[in-house]
$ cat final14.tsv   # TSV, C-alpha atoms
chain	number	residue	atom	x	y	z
K	900	MET	CA	94.86	120.91	113.76
K	901	THR	CA	98.24	122.56	113.86
K	902	VAL	CA	100.75	122.12	116.68
K	903	THR	CA	103.59	124.60	116.79
K	904	ALA	CA	105.83	125.19	119.81
K	905	GLY	CA	103.23	123.80	122.18
K	906	VAL	CA	100.34	125.74	120.65
K	907	VAL	CA	97.44	123.85	119.08
K	908	SER	CA	95.41	125.78	116.52
K	909	LEU	CA	91.97	124.54	115.50
K	910	VAL	CA	89.76	125.87	112.75
K	911	SER	CA	87.45	122.89	112.51
K	912	PRO	CA	88.49	119.99	114.73
K	913	ALA	CA	86.60	117.43	112.63
K	914	ARG	CA	88.11	118.67	109.36
K	915	ASP	CA	91.56	119.05	110.85
K	916	ALA	CA	91.44	115.54	112.34
K	917	ARG	CA	90.71	114.09	108.93
K	918	LEU	CA	93.50	116.15	107.41
K	919	GLY	CA	95.89	115.34	110.23
K	920	ARG	CA	95.14	111.61	110.10
K	921	ALA	CA	94.53	111.56	113.86
K	922	GLU	CA	92.90	108.16	113.51
K	923	LEU	CA	96.34	106.71	112.81
K	924	TRP	CA	97.75	107.57	116.21
K	925	SER	CA	94.78	108.11	118.49
K	926	GLN	CA	91.38	106.70	119.26
K	927	VAL	CA	89.74	110.13	119.18
K	928	LYS	CA	87.08	110.26	116.48
K	929	PRO	CA	86.65	113.59	114.65
K	930	GLY	CA	83.13	114.02	116.08
K	931	SER	CA	84.42	113.82	119.65
K	932	LEU	CA	87.31	116.27	119.36
K	933	TYR	CA	85.46	119.09	121.10
K	934	GLY	CA	84.70	116.79	124.03
K	935	ALA	CA	88.33	115.67	124.13
K	936	LEU	CA	89.49	119.30	124.12
K	937	HIS	CA	87.17	120.14	127.01
K	938	ARG	CA	88.44	117.13	128.99
K	939	LEU	CA	92.07	118.12	128.34
K	940	GLU	CA	91.28	121.65	129.48
K	941	ASP	CA	89.40	120.40	132.57
K	942	GLU	CA	92.41	118.24	133.45
K	943	GLY	CA	94.73	121.24	133.12
K	944	LEU	CA	96.65	119.74	130.19
K	945	ILE	CA	95.82	122.55	127.73
K	946	ARG	CA	94.46	126.08	128.03
K	947	PRO	CA	92.95	128.46	125.49
K	948	LEU	CA	95.50	130.99	124.38
K	949	ARG	CA	93.37	133.16	122.11
K	950	THR	CA	90.47	133.15	119.68
K	951	GLU	CA	91.03	134.29	116.12
K	952	ARG	CA	88.70	135.01	113.24
K	953	ASP	CA	89.78	135.30	109.62
K	954	GLY	CA	87.13	137.16	107.63
K	955	ALA	CA	83.86	135.25	107.43
K	956	LEU	CA	85.43	131.96	108.52
K	957	PRO	CA	84.37	130.46	111.87
K	958	ALA	CA	86.28	131.60	114.93
K	959	ARG	CA	89.33	129.51	115.72
K	960	THR	CA	90.54	128.78	119.22
K	961	VAL	CA	94.25	128.44	119.69
K	962	TYR	CA	95.19	126.21	122.62
K	963	GLU	CA	98.48	126.02	124.44
K	964	ILE	CA	99.81	122.91	126.11
K	965	THR	CA	100.48	123.46	129.80
K	966	ALA	CA	103.54	122.29	131.74
K	967	GLU	CA	101.39	119.48	133.14
K	968	GLY	CA	100.23	118.64	129.61
K	969	THR	CA	103.83	118.45	128.43
K	970	ARG	CA	104.71	116.11	131.32
K	971	GLU	CA	101.70	113.90	130.52
K	972	LEU	CA	102.53	113.85	126.81
K	973	ARG	CA	106.12	112.85	127.52
K	974	ALA	CA	104.98	110.12	129.92
K	975	LEU	CA	102.60	108.75	127.27
K	976	ARG	CA	105.36	108.88	124.66
K	977	ASP	CA	107.82	107.07	126.92
K	978	GLU	CA	105.20	104.46	127.77
K	979	ALA	CA	104.42	103.93	124.10
K	980	PHE	CA	108.09	103.39	123.25
K	981	THR	CA	108.87	101.09	126.19
K	982	GLU	CA	105.77	98.94	126.65
K	983	PHE	CA	104.44	96.31	124.29
K	984	GLU	CA	101.09	94.67	124.67
K	985	LEU	CA	99.77	92.13	122.22
K	986	LYS	CA	96.05	92.30	122.81
K	987	PRO	CA	93.79	89.42	121.83
K	988	HIS	CA	91.72	90.24	118.78
K	989	PRO	CA	87.99	89.42	118.72
K	990	VAL	CA	88.42	87.56	115.42
K	991	ASP	CA	90.67	85.06	117.23
K	992	LEU	CA	87.84	84.21	119.63
K	993	ALA	CA	85.39	84.02	116.73
K	994	LEU	CA	87.69	81.54	114.98
K	995	ALA	CA	88.19	79.52	118.17
K	996	VAL	CA	84.42	79.03	118.53
K	997	SER	CA	83.64	78.56	114.84
K	998	ALA	CA	83.48	74.76	114.89
K	999	ASP	CA	79.69	74.80	114.54
K	1000	LEU	CA	79.80	77.03	111.44
K	1001	ASP	CA	79.46	75.59	107.98
K	1002	ARG	CA	82.92	75.90	106.37
K	1003	GLU	CA	81.51	77.85	103.42
K	1004	VAL	CA	79.88	80.35	105.78
K	1005	LEU	CA	83.17	80.72	107.65
K	1006	ARG	CA	84.99	81.06	104.33
K	1007	GLY	CA	82.56	83.84	103.38
K	1008	TYR	CA	83.21	85.68	106.64
K	1009	VAL	CA	86.96	85.50	106.14
K	1010	GLU	CA	86.74	86.57	102.49
K	1011	ASP	CA	84.56	89.52	103.50
K	1012	ARG	CA	87.13	90.54	106.11
K	1013	ILE	CA	89.89	90.34	103.49
K	1014	ALA	CA	87.85	92.60	101.19
K	1015	VAL	CA	87.35	95.17	103.98
K	1016	LEU	CA	91.05	95.07	104.88
K	1017	ALA	CA	92.06	95.44	101.23
K	1018	ALA	CA	89.77	98.46	100.87
K	1019	ARG	CA	91.32	100.02	103.98
K	1020	GLU	CA	94.78	99.38	102.56
K	1021	LEU	CA	93.79	101.28	99.41
K	1022	GLN	CA	92.69	104.20	101.59
K	1023	PHE	CA	96.19	104.32	103.06
K	1024	ASP	CA	97.67	104.22	99.55
K	1025	HIS	CA	95.54	107.25	98.66
K	1026	GLN	CA	96.67	109.03	101.83
K	1027	LEU	CA	100.27	108.52	100.77
K	1028	ASP	CA	99.41	109.88	97.31
K	1029	ARG	CA	97.68	112.98	98.77
K	1030	ARG	CA	100.45	114.48	100.85
K	1031	TRP	CA	99.59	117.61	102.76
K	1032	PRO	CA	101.95	120.62	102.80
K	1033	ASP	CA	103.59	120.02	106.18
K	1034	GLN	CA	103.61	116.21	106.08
K	1035	SER	CA	106.68	114.93	107.86
K	1036	THR	CA	108.74	111.78	107.74
K	1037	ALA	CA	107.03	110.74	110.99
K	1038	ASP	CA	103.64	111.10	109.26
K	1039	ASP	CA	104.87	108.88	106.42
K	1040	LEU	CA	106.14	106.28	108.89
K	1041	ILE	CA	102.83	106.25	110.78
K	1042	VAL	CA	100.90	105.60	107.56
K	1043	ALA	CA	103.44	102.94	106.54
K	1044	HIS	CA	103.04	101.25	109.95
K	1045	ALA	CA	99.27	101.13	109.61
K	1046	LYS	CA	99.56	99.82	106.05
K	1047	MET	CA	101.98	97.07	107.08
K	1048	ARG	CA	99.69	96.03	109.93
K	1049	ILE	CA	96.82	95.71	107.47
K	1050	GLN	CA	99.00	93.70	105.07
K	1051	THR	CA	99.85	91.31	107.92
K	1052	GLU	CA	96.16	90.96	108.75
K	1053	ILE	CA	95.39	90.16	105.11
K	1054	ALA	CA	98.17	87.54	105.02
K	1055	TRP	CA	96.84	85.92	108.21
K	1056	HIS	CA	93.28	85.83	106.86
K	1057	LYS	CA	94.55	84.19	103.66
K	1058	LYS	CA	96.28	81.58	105.83
K	1059	VAL	CA	92.97	80.94	107.58
K	1060	LEU	CA	91.39	80.37	104.17
K	1061	THR	CA	94.18	77.95	103.26
K	1062	ASP	CA	93.78	76.00	106.52
K	1063	ILE	CA	90.01	76.29	106.89
K	1064	ASP	CA	89.35	72.68	105.95
K	1065	LYS	CA	91.80	71.53	108.66
K	1066	LEU	CA	89.68	73.10	111.43
K	1067	GLU	CA	87.97	70.47	113.53
K	1068	ALA	CA	84.21	70.29	113.27
K	1069	ARG	CA	82.33	69.64	116.48

$ encode --input "final14.tsv" --output "structure tokens"
Amino acid sequence: MTVTAGVVSLVSPARDARLGRAELWSQVKPGSLYGALHRLEDEGLIRPLRTERDGALPARTVYEITAEGTRELRALRDEAFTEFELKPHPVDLALAVSADLDREVLRGYVEDRIAVLAARELQFDHQLDRRWPDQSTADDLIVAHAKMRIQTEIAWHKKVLTDIDKLEAR
């Protein structure tokens, strides 16, 4: 996906989402991009500008953000910069009700979570190693933010492992 002066160009939304690291800043999965585009169009936030075809490649639709889309995007941006919400994480509830679990089983769960988080951290390292041509400082900061969040999660899980024997058994 390419965004230039309010125009969004898509060759393959799924491919472009992977390349654009959309998962870092949105909850739109690559497989649902077409649905998201249709919803944005239905809501009047974007409109097709033109369709292009380059040789035997699939046709590409170029979308343009509307004035209403620009207003909505700015409102979302302002909301993101001014509001902070610390949402409860499901693992916190799982830990709170883990008193009936054997400590070794709980330890295994936590170690498995650390392994998954560490693997995800490596994926971010590889993303930083594989820069794409128009990668910006903002892109680098978004990846760094995600990586730091994962590192914090790993540190917390290691603390759980350290304190696991202090948890009360019921």

$ closest_residue --input "final14.tsv" --among "K:Gln1022, K:Val1059, K:Asp1028, K:Leu992" --to "Glu1010 of chain K" --atoms "only C-alpha atoms"
K:Val1059

$ atom_distance --input "final14.tsv" --atom1 "atom CA of Ala1037 of chain K" --atom2 "atom CA of Phe983 of chain K"
19.8 Å

$ atom_distance --input "final14.tsv" --atom1 "atom CA of Thr969 of chain K" --atom2 "atom CA of Trp1031 of chain K"
26.0 Å

$ atom_distance --input "final14.tsv" --atom1 "atom CA of Leu948 of chain K" --atom2 "atom CA of Leu936 of chain K"
13.1 Å

$ closest_residue --input "final14.tsv" --among "K:Leu944, K:Leu985, K:Leu1027, K:Ala979" --to "Thr965 of chain K" --atoms "only C-alpha atoms"
K:Leu944

$ closest_residue --input "final14.tsv" --among "K:Ile964, K:Pro957, K:Gly930, K:Asp1062" --to "Ile945 of chain K" --atoms "only C-alpha atoms"
K:Ile964

$ closest_residue --input "final14.tsv" --among "K:Arg952, K:Val1004, K:Pro1032, K:Leu972" --to "Leu939 of chain K" --atoms "all atoms listed in the file"
K:Leu972

$ closest_residue --input "final14.tsv" --among "K:His1056, K:Arg949, K:Arg1029, K:His1044" --to "Leu994 of chain K" --atoms "only C-alpha atoms"
K:His1056

$ residues_around --input "final14.tsv" --residues "segment 1049-1054 of chain K" --least-positions-apart "6" --cutoff "7 Å" --atoms "only C-alpha atoms" --output "count of residues only"
3

$ closest_residue --input "final14.tsv" --among "K:Ala998, K:Ala958, K:Ala993, K:Leu975" --to "Leu1066 of chain K" --atoms "all atoms listed in the file"
K:Ala998
